[in-house]
$ cat target36.cif   # mmCIF, N, CA and C atoms
data_query
#
loop_
_atom_site.label_atom_id
_atom_site.label_comp_id
_atom_site.auth_asym_id
_atom_site.auth_seq_id
_atom_site.Cartn_x
_atom_site.Cartn_y
_atom_site.Cartn_z
N LYS W 1 -44.57 9.60 4.09
CA LYS W 1 -44.24 10.71 3.21
C LYS W 1 -44.20 12.03 3.96
N GLY W 2 -44.35 12.01 5.26
CA GLY W 2 -44.23 13.23 6.05
C GLY W 2 -45.47 14.11 5.99
N HIS W 3 -45.48 15.12 6.86
CA HIS W 3 -46.59 16.08 6.91
C HIS W 3 -46.23 17.30 6.07
N ARG W 4 -47.22 17.95 5.52
CA ARG W 4 -46.96 19.23 4.88
C ARG W 4 -46.63 20.23 5.97
N ARG W 5 -45.79 21.18 5.68
CA ARG W 5 -45.32 22.14 6.69
C ARG W 5 -46.42 23.01 7.26
N THR W 6 -47.58 23.03 6.64
CA THR W 6 -48.67 23.87 7.13
C THR W 6 -49.30 23.35 8.41
N TYR W 7 -49.04 22.08 8.76
CA TYR W 7 -49.62 21.49 9.96
C TYR W 7 -48.75 21.78 11.18
N VAL W 8 -49.40 22.03 12.32
CA VAL W 8 -48.69 22.21 13.57
C VAL W 8 -48.04 20.87 13.94
N GLY W 9 -46.79 20.90 14.31
CA GLY W 9 -46.09 19.67 14.68
C GLY W 9 -45.68 18.82 13.48
N ALA W 10 -45.63 19.44 12.30
CA ALA W 10 -45.28 18.71 11.09
C ALA W 10 -43.87 18.14 11.20
N MET W 11 -43.68 16.96 10.64
CA MET W 11 -42.38 16.29 10.67
C MET W 11 -42.14 15.58 9.34
N PRO W 12 -40.87 15.31 9.03
CA PRO W 12 -40.59 14.51 7.84
C PRO W 12 -41.10 13.08 8.04
N GLY W 13 -41.26 12.36 6.95
CA GLY W 13 -41.70 10.98 7.02
C GLY W 13 -40.61 10.06 7.57
N LYS W 14 -40.98 8.82 7.84
CA LYS W 14 -40.06 7.85 8.45
C LYS W 14 -38.83 7.59 7.59
N ILE W 15 -38.97 7.59 6.28
CA ILE W 15 -37.82 7.30 5.43
C ILE W 15 -36.79 8.42 5.54
N ILE W 16 -37.24 9.66 5.50
CA ILE W 16 -36.33 10.79 5.64
C ILE W 16 -35.71 10.80 7.03
N GLN W 17 -36.51 10.49 8.06
CA GLN W 17 -35.98 10.40 9.42
C GLN W 17 -34.90 9.33 9.51
N CYS W 18 -35.11 8.21 8.83
CA CYS W 18 -34.12 7.12 8.83
C CYS W 18 -32.82 7.56 8.16
N LEU W 19 -32.94 8.21 7.01
CA LEU W 19 -31.74 8.69 6.31
C LEU W 19 -30.96 9.66 7.19
N LYS W 20 -31.68 10.51 7.90
CA LYS W 20 -31.03 11.49 8.77
C LYS W 20 -30.37 10.81 9.97
N SER W 21 -31.08 9.89 10.63
CA SER W 21 -30.54 9.27 11.85
C SER W 21 -29.38 8.32 11.55
N THR W 22 -29.40 7.66 10.40
CA THR W 22 -28.31 6.75 10.06
C THR W 22 -27.14 7.47 9.40
N GLU W 23 -27.39 8.71 8.96
CA GLU W 23 -26.38 9.49 8.24
C GLU W 23 -25.81 8.69 7.08
N SER W 24 -26.72 8.02 6.37
CA SER W 24 -26.32 7.15 5.26
C SER W 24 -27.34 7.31 4.13
N THR W 25 -26.87 7.15 2.91
CA THR W 25 -27.79 7.18 1.77
C THR W 25 -28.20 5.78 1.35
N ASN W 26 -27.61 4.76 1.98
CA ASN W 26 -27.95 3.38 1.61
C ASN W 26 -28.22 2.49 2.82
N PRO W 27 -29.12 2.90 3.72
CA PRO W 27 -29.40 2.05 4.87
C PRO W 27 -30.31 0.88 4.49
N LEU W 28 -30.45 -0.06 5.39
CA LEU W 28 -31.44 -1.11 5.27
C LEU W 28 -32.64 -0.68 6.10
N ILE W 29 -33.81 -0.65 5.48
CA ILE W 29 -35.03 -0.25 6.19
C ILE W 29 -35.96 -1.46 6.23
N LEU W 30 -36.35 -1.86 7.43
CA LEU W 30 -37.25 -2.99 7.63
C LEU W 30 -38.68 -2.48 7.78
N ILE W 31 -39.56 -2.99 6.94
CA ILE W 31 -40.99 -2.69 7.04
C ILE W 31 -41.65 -3.99 7.49
N ASP W 32 -42.03 -4.04 8.75
CA ASP W 32 -42.55 -5.27 9.35
C ASP W 32 -44.04 -5.43 9.07
N GLU W 33 -44.44 -6.64 8.77
CA GLU W 33 -45.84 -7.02 8.57
C GLU W 33 -46.55 -6.15 7.55
N ILE W 34 -46.00 -6.10 6.36
CA ILE W 34 -46.57 -5.29 5.28
C ILE W 34 -47.93 -5.81 4.85
N ASP W 35 -48.23 -7.06 5.20
CA ASP W 35 -49.54 -7.63 4.86
C ASP W 35 -50.66 -7.08 5.73
N LYS W 36 -50.32 -6.32 6.76
CA LYS W 36 -51.34 -5.79 7.66
C LYS W 36 -51.57 -4.29 7.45
N LEU W 37 -51.26 -3.80 6.26
CA LEU W 37 -51.49 -2.39 5.95
C LEU W 37 -52.98 -2.09 6.02
N GLY W 38 -53.33 -0.97 6.59
CA GLY W 38 -54.72 -0.57 6.67
C GLY W 38 -55.01 0.58 5.74
N LYS W 39 -56.27 0.75 5.42
CA LYS W 39 -56.71 1.86 4.57
C LYS W 39 -57.83 2.55 5.32
N ASP W 40 -57.73 3.88 5.46
CA ASP W 40 -58.79 4.60 6.14
C ASP W 40 -58.95 5.99 5.53
N PHE W 41 -59.63 6.90 6.24
CA PHE W 41 -59.90 8.23 5.72
C PHE W 41 -58.63 9.05 5.50
N ARG W 42 -57.52 8.67 6.15
CA ARG W 42 -56.28 9.43 6.00
C ARG W 42 -55.49 9.03 4.76
N GLY W 43 -55.86 7.93 4.12
CA GLY W 43 -55.18 7.53 2.91
C GLY W 43 -54.85 6.06 2.87
N ASP W 44 -54.13 5.70 1.83
CA ASP W 44 -53.77 4.31 1.58
C ASP W 44 -52.25 4.20 1.60
N PRO W 45 -51.67 3.61 2.66
CA PRO W 45 -50.21 3.51 2.73
C PRO W 45 -49.61 2.67 1.61
N ALA W 46 -50.39 1.75 1.04
CA ALA W 46 -49.88 0.91 -0.04
C ALA W 46 -49.51 1.76 -1.25
N SER W 47 -50.29 2.78 -1.56
CA SER W 47 -49.95 3.62 -2.72
C SER W 47 -48.71 4.45 -2.45
N ALA W 48 -48.49 4.87 -1.21
CA ALA W 48 -47.26 5.59 -0.88
C ALA W 48 -46.06 4.65 -0.99
N LEU W 49 -46.23 3.40 -0.56
CA LEU W 49 -45.14 2.43 -0.65
C LEU W 49 -44.82 2.04 -2.09
N LEU W 50 -45.80 2.15 -2.99
CA LEU W 50 -45.54 1.88 -4.40
C LEU W 50 -44.43 2.79 -4.92
N GLU W 51 -44.52 4.05 -4.59
CA GLU W 51 -43.51 5.02 -5.02
C GLU W 51 -42.15 4.70 -4.39
N VAL W 52 -42.16 4.27 -3.15
CA VAL W 52 -40.93 3.98 -2.43
C VAL W 52 -40.24 2.74 -2.99
N LEU W 53 -41.00 1.69 -3.28
CA LEU W 53 -40.42 0.42 -3.70
C LEU W 53 -40.20 0.31 -5.21
N ASP W 54 -40.76 1.23 -5.99
CA ASP W 54 -40.61 1.17 -7.44
C ASP W 54 -39.29 1.78 -7.88
N PRO W 55 -38.39 0.99 -8.47
CA PRO W 55 -37.08 1.50 -8.88
C PRO W 55 -37.17 2.62 -9.93
N ASN W 56 -38.28 2.68 -10.66
CA ASN W 56 -38.45 3.74 -11.66
C ASN W 56 -38.86 5.07 -11.03
N GLN W 57 -39.32 5.04 -9.79
CA GLN W 57 -39.80 6.26 -9.15
C GLN W 57 -38.98 6.69 -7.94
N ASN W 58 -38.28 5.75 -7.28
CA ASN W 58 -37.69 6.10 -5.99
C ASN W 58 -36.42 6.94 -6.09
N ALA W 59 -35.91 7.19 -7.28
CA ALA W 59 -34.76 8.09 -7.42
C ALA W 59 -35.20 9.55 -7.25
N THR W 60 -36.50 9.79 -7.36
CA THR W 60 -37.03 11.15 -7.19
C THR W 60 -38.14 11.16 -6.15
N PHE W 61 -37.98 10.40 -5.08
CA PHE W 61 -38.96 10.34 -3.99
C PHE W 61 -39.15 11.74 -3.41
N ARG W 62 -40.39 12.12 -3.19
CA ARG W 62 -40.67 13.46 -2.66
C ARG W 62 -41.44 13.34 -1.35
N ASP W 63 -40.79 13.73 -0.26
CA ASP W 63 -41.42 13.77 1.06
C ASP W 63 -42.20 15.07 1.15
N HIS W 64 -43.40 15.03 1.71
CA HIS W 64 -44.23 16.24 1.80
C HIS W 64 -43.58 17.34 2.64
N PHE W 65 -42.85 16.95 3.68
CA PHE W 65 -42.27 17.94 4.58
C PHE W 65 -41.15 18.73 3.93
N ILE W 66 -40.20 18.04 3.30
CA ILE W 66 -39.07 18.77 2.71
C ILE W 66 -39.39 19.26 1.30
N ASP W 67 -40.39 18.68 0.67
CA ASP W 67 -40.87 19.09 -0.65
C ASP W 67 -39.75 19.27 -1.67
N ALA W 68 -38.86 18.32 -1.69
CA ALA W 68 -37.77 18.30 -2.66
C ALA W 68 -37.48 16.84 -2.98
N PRO W 69 -37.03 16.56 -4.20
CA PRO W 69 -36.74 15.16 -4.54
C PRO W 69 -35.56 14.63 -3.74
N VAL W 70 -35.70 13.38 -3.28
CA VAL W 70 -34.65 12.70 -2.54
C VAL W 70 -34.42 11.35 -3.21
N ASP W 71 -33.18 11.02 -3.48
CA ASP W 71 -32.85 9.76 -4.13
C ASP W 71 -32.76 8.66 -3.07
N ILE W 72 -33.75 7.76 -3.07
CA ILE W 72 -33.73 6.63 -2.14
C ILE W 72 -33.51 5.32 -2.89
N SER W 73 -32.96 5.41 -4.08
CA SER W 73 -32.77 4.21 -4.90
C SER W 73 -31.69 3.29 -4.34
N LYS W 74 -30.84 3.79 -3.46
CA LYS W 74 -29.78 2.95 -2.88
C LYS W 74 -30.20 2.31 -1.56
N VAL W 75 -31.38 2.67 -1.06
CA VAL W 75 -31.89 2.10 0.18
C VAL W 75 -32.32 0.67 -0.08
N LEU W 76 -31.98 -0.25 0.83
CA LEU W 76 -32.43 -1.64 0.73
C LEU W 76 -33.63 -1.80 1.65
N PHE W 77 -34.77 -2.08 1.05
CA PHE W 77 -36.00 -2.29 1.82
C PHE W 77 -36.22 -3.77 2.00
N VAL W 78 -36.44 -4.20 3.24
CA VAL W 78 -36.78 -5.59 3.56
C VAL W 78 -38.14 -5.53 4.25
N THR W 79 -39.07 -6.30 3.75
CA THR W 79 -40.40 -6.33 4.36
C THR W 79 -40.69 -7.74 4.86
N THR W 80 -41.55 -7.83 5.85
CA THR W 80 -41.99 -9.14 6.34
C THR W 80 -43.50 -9.23 6.15
N ALA W 81 -43.99 -10.44 6.04
CA ALA W 81 -45.43 -10.68 5.93
C ALA W 81 -45.72 -12.10 6.38
N ASN W 82 -46.87 -12.29 6.98
CA ASN W 82 -47.32 -13.62 7.36
C ASN W 82 -48.16 -14.25 6.26
N GLU W 83 -48.95 -13.42 5.57
CA GLU W 83 -49.84 -13.91 4.52
C GLU W 83 -49.60 -13.10 3.26
N ILE W 84 -48.97 -13.69 2.28
CA ILE W 84 -48.62 -12.99 1.05
C ILE W 84 -49.86 -12.59 0.25
N ASP W 85 -50.97 -13.31 0.44
CA ASP W 85 -52.22 -13.02 -0.28
C ASP W 85 -52.83 -11.68 0.12
N ARG W 86 -52.45 -11.17 1.28
CA ARG W 86 -53.02 -9.90 1.76
C ARG W 86 -52.23 -8.68 1.30
N ILE W 87 -51.13 -8.89 0.59
CA ILE W 87 -50.34 -7.76 0.07
C ILE W 87 -50.97 -7.34 -1.26
N PRO W 88 -51.27 -6.06 -1.44
CA PRO W 88 -51.86 -5.61 -2.71
C PRO W 88 -50.97 -6.00 -3.90
N GLY W 89 -51.61 -6.46 -4.98
CA GLY W 89 -50.91 -6.94 -6.17
C GLY W 89 -49.85 -6.00 -6.72
N PRO W 90 -50.18 -4.72 -6.96
CA PRO W 90 -49.17 -3.80 -7.51
C PRO W 90 -47.94 -3.66 -6.60
N LEU W 91 -48.16 -3.73 -5.30
CA LEU W 91 -47.06 -3.64 -4.34
C LEU W 91 -46.23 -4.92 -4.39
N LEU W 92 -46.89 -6.05 -4.46
CA LEU W 92 -46.21 -7.35 -4.52
C LEU W 92 -45.36 -7.47 -5.79
N ASP W 93 -45.82 -6.86 -6.88
CA ASP W 93 -45.06 -6.89 -8.14
C ASP W 93 -43.70 -6.22 -8.02
N ARG W 94 -43.53 -5.34 -7.06
CA ARG W 94 -42.27 -4.61 -6.90
C ARG W 94 -41.35 -5.26 -5.86
N MET W 95 -41.73 -6.44 -5.41
CA MET W 95 -40.96 -7.13 -4.38
C MET W 95 -40.36 -8.43 -4.90
N GLU W 96 -39.23 -8.78 -4.34
CA GLU W 96 -38.64 -10.10 -4.53
C GLU W 96 -39.08 -10.92 -3.33
N VAL W 97 -39.81 -12.01 -3.54
CA VAL W 97 -40.36 -12.79 -2.44
C VAL W 97 -39.40 -13.93 -2.09
N ILE W 98 -39.05 -14.00 -0.82
CA ILE W 98 -38.23 -15.10 -0.29
C ILE W 98 -39.06 -15.77 0.79
N ARG W 99 -39.43 -17.00 0.55
CA ARG W 99 -40.26 -17.72 1.52
C ARG W 99 -39.38 -18.43 2.54
N LEU W 100 -39.71 -18.24 3.81
CA LEU W 100 -39.00 -18.91 4.91
C LEU W 100 -40.01 -19.74 5.67
N SER W 101 -39.65 -20.96 5.94
CA SER W 101 -40.59 -21.82 6.66
C SER W 101 -40.59 -21.46 8.14
N GLY W 102 -41.73 -21.67 8.76
CA GLY W 102 -41.85 -21.46 10.20
C GLY W 102 -41.62 -22.76 10.92
N TYR W 103 -42.03 -22.81 12.17
CA TYR W 103 -41.92 -24.05 12.95
C TYR W 103 -42.99 -25.03 12.50
N ASP W 104 -42.66 -26.33 12.48
CA ASP W 104 -43.68 -27.33 12.21
C ASP W 104 -44.30 -27.75 13.55
N VAL W 105 -45.35 -28.55 13.50
CA VAL W 105 -46.11 -28.90 14.71
C VAL W 105 -45.26 -29.56 15.78
N PRO W 106 -44.40 -30.55 15.48
CA PRO W 106 -43.58 -31.13 16.54
C PRO W 106 -42.64 -30.10 17.20
N GLU W 107 -42.10 -29.18 16.41
CA GLU W 107 -41.22 -28.15 16.99
C GLU W 107 -42.01 -27.22 17.91
N LYS W 108 -43.22 -26.85 17.49
CA LYS W 108 -44.07 -25.98 18.32
C LYS W 108 -44.41 -26.67 19.64
N LEU W 109 -44.72 -27.95 19.57
CA LEU W 109 -45.06 -28.72 20.78
C LEU W 109 -43.88 -28.78 21.74
N LYS W 110 -42.69 -29.00 21.21
CA LYS W 110 -41.49 -29.08 22.04
C LYS W 110 -41.20 -27.72 22.71
N ILE W 111 -41.36 -26.63 21.96
CA ILE W 111 -41.16 -25.29 22.53
C ILE W 111 -42.17 -25.04 23.65
N ALA W 112 -43.41 -25.43 23.42
CA ALA W 112 -44.45 -25.24 24.44
C ALA W 112 -44.13 -26.04 25.70
N GLU W 113 -43.74 -27.31 25.53
CA GLU W 113 -43.46 -28.17 26.68
C GLU W 113 -42.24 -27.69 27.47
N GLN W 114 -41.19 -27.28 26.76
CA GLN W 114 -39.94 -26.92 27.43
C GLN W 114 -39.93 -25.50 27.99
N TYR W 115 -40.63 -24.57 27.36
CA TYR W 115 -40.50 -23.17 27.75
C TYR W 115 -41.81 -22.50 28.15
N LEU W 116 -42.82 -22.60 27.30
CA LEU W 116 -44.05 -21.84 27.53
C LEU W 116 -44.87 -22.36 28.71
N VAL W 117 -45.07 -23.67 28.79
CA VAL W 117 -45.86 -24.23 29.89
C VAL W 117 -45.19 -24.00 31.24
N PRO W 118 -43.90 -24.33 31.41
CA PRO W 118 -43.26 -24.05 32.71
C PRO W 118 -43.30 -22.57 33.09
N LYS W 119 -43.08 -21.68 32.12
CA LYS W 119 -43.12 -20.24 32.40
C LYS W 119 -44.51 -19.81 32.85
N SER W 120 -45.55 -20.33 32.18
CA SER W 120 -46.93 -20.00 32.56
C SER W 120 -47.28 -20.55 33.93
N MET W 121 -46.80 -21.75 34.24
CA MET W 121 -47.11 -22.34 35.54
C MET W 121 -46.44 -21.56 36.68
N VAL W 122 -45.21 -21.10 36.46
CA VAL W 122 -44.52 -20.29 37.48
C VAL W 122 -45.25 -18.96 37.65
N SER W 123 -45.60 -18.30 36.53
CA SER W 123 -46.24 -16.99 36.63
C SER W 123 -47.63 -17.06 37.24
N SER W 124 -48.30 -18.21 37.13
CA SER W 124 -49.64 -18.35 37.72
C SER W 124 -49.60 -18.93 39.12
N GLY W 125 -48.41 -19.29 39.62
CA GLY W 125 -48.27 -19.81 40.97
C GLY W 125 -48.52 -21.30 41.09
N LEU W 126 -48.64 -22.00 39.99
CA LEU W 126 -48.90 -23.45 40.04
C LEU W 126 -47.61 -24.25 40.21
N MET W 127 -46.48 -23.59 40.04
CA MET W 127 -45.20 -24.26 40.16
C MET W 127 -44.18 -23.26 40.72
N VAL W 128 -43.31 -23.73 41.58
CA VAL W 128 -42.28 -22.88 42.17
C VAL W 128 -41.07 -22.90 41.25
N LYS W 129 -40.51 -21.73 41.00
CA LYS W 129 -39.34 -21.64 40.11
C LYS W 129 -38.14 -22.26 40.80
N GLU W 130 -37.46 -23.15 40.06
CA GLU W 130 -36.27 -23.79 40.60
C GLU W 130 -35.08 -22.88 40.42
N SER W 131 -34.18 -22.88 41.44
CA SER W 131 -32.99 -22.01 41.35
C SER W 131 -31.81 -22.74 40.81
#
$ encode --input "target36.cif" --output "structure tokens"
Amino acid sequence: KGHRRTYVGAMPGKIIQCLKSTESTNPLILIDEIDKLGKDFRGDPASALLEVLDPNQNATFRDHFIDAPVDISKVLFVTTANEIDRIPGPLLDRMEVIRLSGYDVPEKLKIAEQYLVPKSMVSSGLMVKES
């Protein structure tokens, strides 16, 4: 949501920066690993994201830096998460969840045998890289 202008080095928030850099009112914004949001003395990012992801509120999104309403209702937000249980309930209610499967155990083993183990052996000096 940006810094208030009273702070030295104040800047607009990431969403406003994205709108400016893409020169578009309808960009796709990726929020990676939303399940790992932290809460500390500076605030709760989940409550700020509620305003961003809620279609009833995001037409009048207000960044602290520009202190004027900005319509972000045309922005497409895509978020990723590893554990859906760690996403706060009110935030999850504003999302459409699409589950994608990861690698299964045989696929992981094959990747390790073909790529990870040889790469680790070369980097540790246990095997000479073939040309």
$ atom_distance --input "target36.cif" --atom1 "CA of Ile34 (chain W)" --atom2 "CA of Val75 (chain W)"
17.2 Å
$ closest_residue --input "target36.cif" --among "W:Ile16, W:Leu30, W:Met121, W:Leu109" --to "His64 (chain W)" --atoms "only C-alpha atoms"
W:Ile16
$ closest_residue --input "target36.cif" --among "W:Ser47, W:Asn26, W:Gln57, W:Gln17" --to "Leu92 (chain W)" --atoms "only C-alpha atoms"
W:Ser47
$ closest_residue --input "target36.cif" --among "W:Lys20, W:Arg94, W:Arg86, W:Lys119" --to "Asp35 (chain W)" --atoms "all atoms listed in the file"
W:Arg86
$ residues_near_point --input "target36.cif" --point "(-32.0, 3.4, 5.3)" --cutoff "6.5 Å" --atoms "all atoms listed in the file" --output "PyMOL selection string"
chain W and resi 18-19+24-29+75-76
$ residues_around --input "target36.cif" --residues "Asp71 (chain W)" --least-positions-apart "5" --cutoff "9 Å" --atoms "only C-alpha atoms" --output "PyMOL selection string"
chain W and resi 25+58-62
$ select_by_dssp --input "target36.cif" --residues "region 28-124 of chain W" --states "strand (DSSP E)" --output "tab-separated table (two decimals) with N, CA and C atoms, in the coordinates of the input"
chain	number	residue	atom	x	y	z
W	28	LEU	N	-30.45	-0.06	5.39
W	28	LEU	CA	-31.44	-1.11	5.27
W	28	LEU	C	-32.64	-0.68	6.10
W	29	ILE	N	-33.81	-0.65	5.48
W	29	ILE	CA	-35.03	-0.25	6.19
W	29	ILE	C	-35.96	-1.46	6.23
W	30	LEU	N	-36.35	-1.86	7.43
W	30	LEU	CA	-37.25	-2.99	7.63
W	30	LEU	C	-38.68	-2.48	7.78
W	31	ILE	N	-39.56	-2.99	6.94
W	31	ILE	CA	-40.99	-2.69	7.04
W	31	ILE	C	-41.65	-3.99	7.49
W	61	PHE	N	-37.98	10.40	-5.08
W	61	PHE	CA	-38.96	10.34	-3.99
W	61	PHE	C	-39.15	11.74	-3.41
W	62	ARG	N	-40.39	12.12	-3.19
W	62	ARG	CA	-40.67	13.46	-2.66
W	62	ARG	C	-41.44	13.34	-1.35
W	69	PRO	N	-37.03	16.56	-4.20
W	69	PRO	CA	-36.74	15.16	-4.54
W	69	PRO	C	-35.56	14.63	-3.74
W	70	VAL	N	-35.70	13.38	-3.28
W	70	VAL	CA	-34.65	12.70	-2.54
W	70	VAL	C	-34.42	11.35	-3.21
W	76	LEU	N	-31.98	-0.25	0.83
W	76	LEU	CA	-32.43	-1.64	0.73
W	76	LEU	C	-33.63	-1.80	1.65
W	77	PHE	N	-34.77	-2.08	1.05
W	77	PHE	CA	-36.00	-2.29	1.82
W	77	PHE	C	-36.22	-3.77	2.00
W	78	VAL	N	-36.44	-4.20	3.24
W	78	VAL	CA	-36.78	-5.59	3.56
W	78	VAL	C	-38.14	-5.53	4.25
W	79	THR	N	-39.07	-6.30	3.75
W	79	THR	CA	-40.40	-6.33	4.36
W	79	THR	C	-40.69	-7.74	4.86
$ atom_distance --input "target36.cif" --atom1 "CA of Lys129 (chain W)" --atom2 "CA of Tyr115 (chain W)"
12.5 Å
$ atom_distance --input "target36.cif" --atom1 "atom C of Ser21 (chain W)" --atom2 "atom C of Asp63 (chain W)"
17.8 Å
$ decode --input "target36.cif" --residues "region 110-118 of chain W" --atoms "all heavy atoms" --output "mmCIF file, in the first residue's frame"
data_model
loop_
_atom_site.group_PDB
_atom_site.id
_atom_site.type_symbol
_atom_site.label_atom_id
_atom_site.label_comp_id
_atom_site.auth_asym_id
_atom_site.auth_seq_id
_atom_site.Cartn_x
_atom_site.Cartn_y
_atom_site.Cartn_z
ATOM 1 N N LYS W 110 13.621 -40.094 -10.509
ATOM 2 C CA LYS W 110 14.211 -40.035 -11.846
ATOM 3 C C LYS W 110 14.947 -38.699 -12.062
ATOM 4 O O LYS W 110 16.053 -38.667 -12.611
ATOM 5 C CB LYS W 110 13.120 -40.216 -12.904
ATOM 6 C CG LYS W 110 13.644 -40.492 -14.275
ATOM 7 C CD LYS W 110 12.520 -40.935 -15.191
ATOM 8 C CE LYS W 110 13.128 -41.734 -16.301
ATOM 9 N NZ LYS W 110 12.207 -42.621 -16.949
ATOM 10 N N ILE W 111 14.346 -37.600 -11.613
ATOM 11 C CA ILE W 111 14.989 -36.283 -11.721
ATOM 12 C C ILE W 111 16.290 -36.269 -10.924
ATOM 13 O O ILE W 111 17.318 -35.779 -11.403
ATOM 14 C CB ILE W 111 14.035 -35.168 -11.234
ATOM 15 C CG1 ILE W 111 12.871 -35.004 -12.219
ATOM 16 C CG2 ILE W 111 14.780 -33.849 -11.062
ATOM 17 C CD1 ILE W 111 11.739 -34.145 -11.704
ATOM 18 N N ALA W 112 16.249 -36.829 -9.724
ATOM 19 C CA ALA W 112 17.454 -36.871 -8.886
ATOM 20 C C ALA W 112 18.556 -37.693 -9.543
ATOM 21 O O ALA W 112 19.718 -37.266 -9.600
ATOM 22 C CB ALA W 112 17.117 -37.441 -7.510
ATOM 23 N N GLU W 113 18.198 -38.876 -10.070
ATOM 24 C CA GLU W 113 19.199 -39.752 -10.689
ATOM 25 C C GLU W 113 19.794 -39.144 -11.954
ATOM 26 O O GLU W 113 20.993 -39.244 -12.196
ATOM 27 C CB GLU W 113 18.570 -41.105 -11.029
ATOM 28 C CG GLU W 113 18.281 -41.968 -9.824
ATOM 29 C CD GLU W 113 17.467 -43.211 -10.181
ATOM 30 O OE1 GLU W 113 16.897 -43.284 -11.293
ATOM 31 O OE2 GLU W 113 17.407 -44.118 -9.325
ATOM 32 N N GLN W 114 18.953 -38.527 -12.782
ATOM 33 C CA GLN W 114 19.421 -38.024 -14.074
ATOM 34 C C GLN W 114 20.098 -36.662 -13.992
ATOM 35 O O GLN W 114 20.974 -36.367 -14.799
ATOM 36 C CB GLN W 114 18.255 -37.953 -15.064
ATOM 37 C CG GLN W 114 17.755 -39.300 -15.496
ATOM 38 C CD GLN W 114 16.608 -39.189 -16.503
ATOM 39 O OE1 GLN W 114 16.038 -38.129 -16.703
ATOM 40 N NE2 GLN W 114 16.279 -40.304 -17.123
ATOM 41 N N TYR W 115 19.700 -35.811 -13.054
ATOM 42 C CA TYR W 115 20.190 -34.434 -13.063
ATOM 43 C C TYR W 115 20.874 -34.010 -11.772
ATOM 44 O O TYR W 115 21.984 -33.483 -11.792
ATOM 45 C CB TYR W 115 19.039 -33.462 -13.363
ATOM 46 C CG TYR W 115 18.350 -33.760 -14.668
ATOM 47 C CD1 TYR W 115 17.133 -34.421 -14.698
ATOM 48 C CD2 TYR W 115 18.940 -33.414 -15.875
ATOM 49 C CE1 TYR W 115 16.506 -34.712 -15.899
ATOM 50 C CE2 TYR W 115 18.327 -33.707 -17.078
ATOM 51 C CZ TYR W 115 17.105 -34.356 -17.083
ATOM 52 O OH TYR W 115 16.499 -34.644 -18.268
ATOM 53 N N LEU W 116 20.214 -34.206 -10.639
ATOM 54 C CA LEU W 116 20.731 -33.666 -9.384
ATOM 55 C C LEU W 116 21.985 -34.381 -8.888
ATOM 56 O O LEU W 116 22.965 -33.736 -8.506
ATOM 57 C CB LEU W 116 19.641 -33.696 -8.309
ATOM 58 C CG LEU W 116 18.371 -32.910 -8.649
ATOM 59 C CD1 LEU W 116 17.337 -33.060 -7.546
ATOM 60 C CD2 LEU W 116 18.680 -31.447 -8.905
ATOM 61 N N VAL W 117 21.974 -35.706 -8.892
ATOM 62 C CA VAL W 117 23.134 -36.460 -8.405
ATOM 63 C C VAL W 117 24.360 -36.213 -9.283
ATOM 64 O O VAL W 117 25.436 -35.881 -8.768
ATOM 65 C CB VAL W 117 22.814 -37.964 -8.258
ATOM 66 C CG1 VAL W 117 24.074 -38.770 -7.963
ATOM 67 C CG2 VAL W 117 21.765 -38.181 -7.170
ATOM 68 N N PRO W 118 24.266 -36.348 -10.621
ATOM 69 C CA PRO W 118 25.453 -36.065 -11.448
ATOM 70 C C PRO W 118 25.969 -34.632 -11.271
ATOM 71 O O PRO W 118 27.180 -34.427 -11.185
ATOM 72 C CB PRO W 118 24.958 -36.289 -12.876
ATOM 73 C CG PRO W 118 23.809 -37.230 -12.745
ATOM 74 C CD PRO W 118 23.163 -36.880 -11.442
#
